[in-house]
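A quick write-up on the structure given underneath.
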Amino acid sequence: MKSDAFKAAVEAKDFSTFEEIFSDDPTFISPAVFKPYEGAEAMRAVLTAAIKTFEGLTYIDQVETGNRAALIFEADVGDKQVKGVDILTFDDEDRVTELMVMIRPLRGLEAVVERMAENLGVPT
């Protein structure tokens, strides 16, 4: 599946193959921030913070069709349990052009927002 490389990188907490997985100008759509993060540098920053934020992240399902994939996950953020989905869109070279993340429940998302802000060095 096209999403296997992304899934493996997340599970290994290792994005050393970033250029192979992502297009030159990927977009990250946050579950909490209105404006998307644009570009490889922003995507790297978000993924680095996410690796520090989510504890025990496990993908429990993977669905793929055409140029889209949905990876359903479970993880802990502090004392909160979250469930979510990474929605990937691919270009003609099977590289990710867009990563959209959805997270539930609300209290879990709030914990993610707080921890991501810390890990990104953004004041809350």
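Starting from 1 in every chain, residues are counted up; chains themselves are A, B, ... following the order of the structure tokens, and ligands are numbered from 1 as listed.
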
Excluding region 2-17 of chain A and its own-chain neighbours fewer than 4 positions away, which residues fall within 7 Å of it when counting only C-alpha atoms? Please give them as a VMD selection string. chain A and resid 21 51 69 94

Please identify every residue of region 42-79 of chain A that has at least one atom no farther than 10 Å from an atom of region 101-121 of chain A, counting only C-alpha atoms, and for each give the shortest atom pair and the distance in Å to one decimal, arranged by chain then increasing number, as a tab-separated table.
```
residue	atom	partner	partner_atom	distance
A:Ala45	CA	A:Leu120	CA	7.1
A:Val46	CA	A:Leu120	CA	7.4
A:Leu47	CA	A:Met116	CA	9.9
A:Thr48	CA	A:Asn119	CA	8.2
A:Ala49	CA	A:Asn119	CA	5.0
A:Ala50	CA	A:Met116	CA	6.6
A:Ile51	CA	A:Asn119	CA	9.4
A:Lys52	CA	A:Asn119	CA	7.0
A:Thr53	CA	A:Arg115	CA	5.9
A:Phe54	CA	A:Val112	CA	7.9
A:Ala70	CA	A:Val101	CA	9.6
A:Leu71	CA	A:Val101	CA	9.6
A:Ile72	CA	A:Met102	CA	9.5
A:Phe73	CA	A:Ile103	CA	9.2
A:Glu74	CA	A:Ile103	CA	9.5
A:Ala75	CA	A:Gly108	CA	9.8
A:Asp76	CA	A:Gly108	CA	8.5
A:Val77	CA	A:Ala111	CA	6.4
A:Gly78	CA	A:Ala111	CA	7.5
A:Asp79	CA	A:Ala111	CA	8.8
```

Here CA of Arg95 (chain A) and CA of Pro31 (chain A) stand apart by 21.7 Å

Quick one: residues within 12 Å of Glu41 (chain A), only C-alpha atoms counted, chain neighbours fewer than 6 positions away excluded, as a short mmCIF file (atom, residue, chain, number, x, y, z; two decimals) with N, CA, C and O atoms, in the first residue's frame?
```
data_model
loop_
_atom_site.label_atom_id
_atom_site.label_comp_id
_atom_site.auth_asym_id
_atom_site.auth_seq_id
_atom_site.Cartn_x
_atom_site.Cartn_y
_atom_site.Cartn_z
N PHE A 18 12.12 11.01 4.99
CA PHE A 18 11.13 12.06 4.76
C PHE A 18 10.97 12.38 3.27
O PHE A 18 9.85 12.45 2.76
N GLU A 19 12.08 12.58 2.57
CA GLU A 19 12.03 12.98 1.15
C GLU A 19 11.40 11.89 0.28
O GLU A 19 10.85 12.20 -0.77
N PHE A 22 7.32 12.15 1.48
CA PHE A 22 6.56 13.38 1.24
C PHE A 22 6.96 14.08 -0.05
O PHE A 22 8.12 14.04 -0.45
N SER A 23 5.99 14.77 -0.65
CA SER A 23 6.27 15.60 -1.82
C SER A 23 7.14 16.77 -1.39
O SER A 23 7.38 16.98 -0.19
N ASP A 24 7.58 17.57 -2.35
CA ASP A 24 8.46 18.70 -2.04
C ASP A 24 7.75 19.80 -1.25
O ASP A 24 8.39 20.57 -0.54
N ASP A 25 6.44 19.88 -1.36
CA ASP A 25 5.69 20.95 -0.70
C ASP A 25 4.41 20.39 -0.05
O ASP A 25 3.30 20.74 -0.46
N PRO A 26 4.56 19.56 0.97
CA PRO A 26 3.37 18.94 1.58
C PRO A 26 2.61 19.90 2.47
O PRO A 26 3.13 20.93 2.91
N THR A 27 1.36 19.55 2.74
CA THR A 27 0.48 20.34 3.59
C THR A 27 0.02 19.49 4.77
O THR A 27 -0.35 18.33 4.59
N PHE A 28 0.06 20.10 5.97
CA PHE A 28 -0.47 19.44 7.16
C PHE A 28 -1.72 20.17 7.61
O PHE A 28 -1.69 21.38 7.83
N LEU A 47 5.71 16.77 12.61
CA LEU A 47 5.95 15.33 12.84
C LEU A 47 6.90 15.10 14.01
O LEU A 47 6.69 14.18 14.81
N THR A 48 7.92 15.93 14.13
CA THR A 48 8.85 15.81 15.25
C THR A 48 8.12 16.05 16.57
O THR A 48 8.32 15.31 17.54
#
```

Taken to one decimal, the CA of Phe34 (chain A)-CA of Gly84 (chain A) distance is 17.7 Å
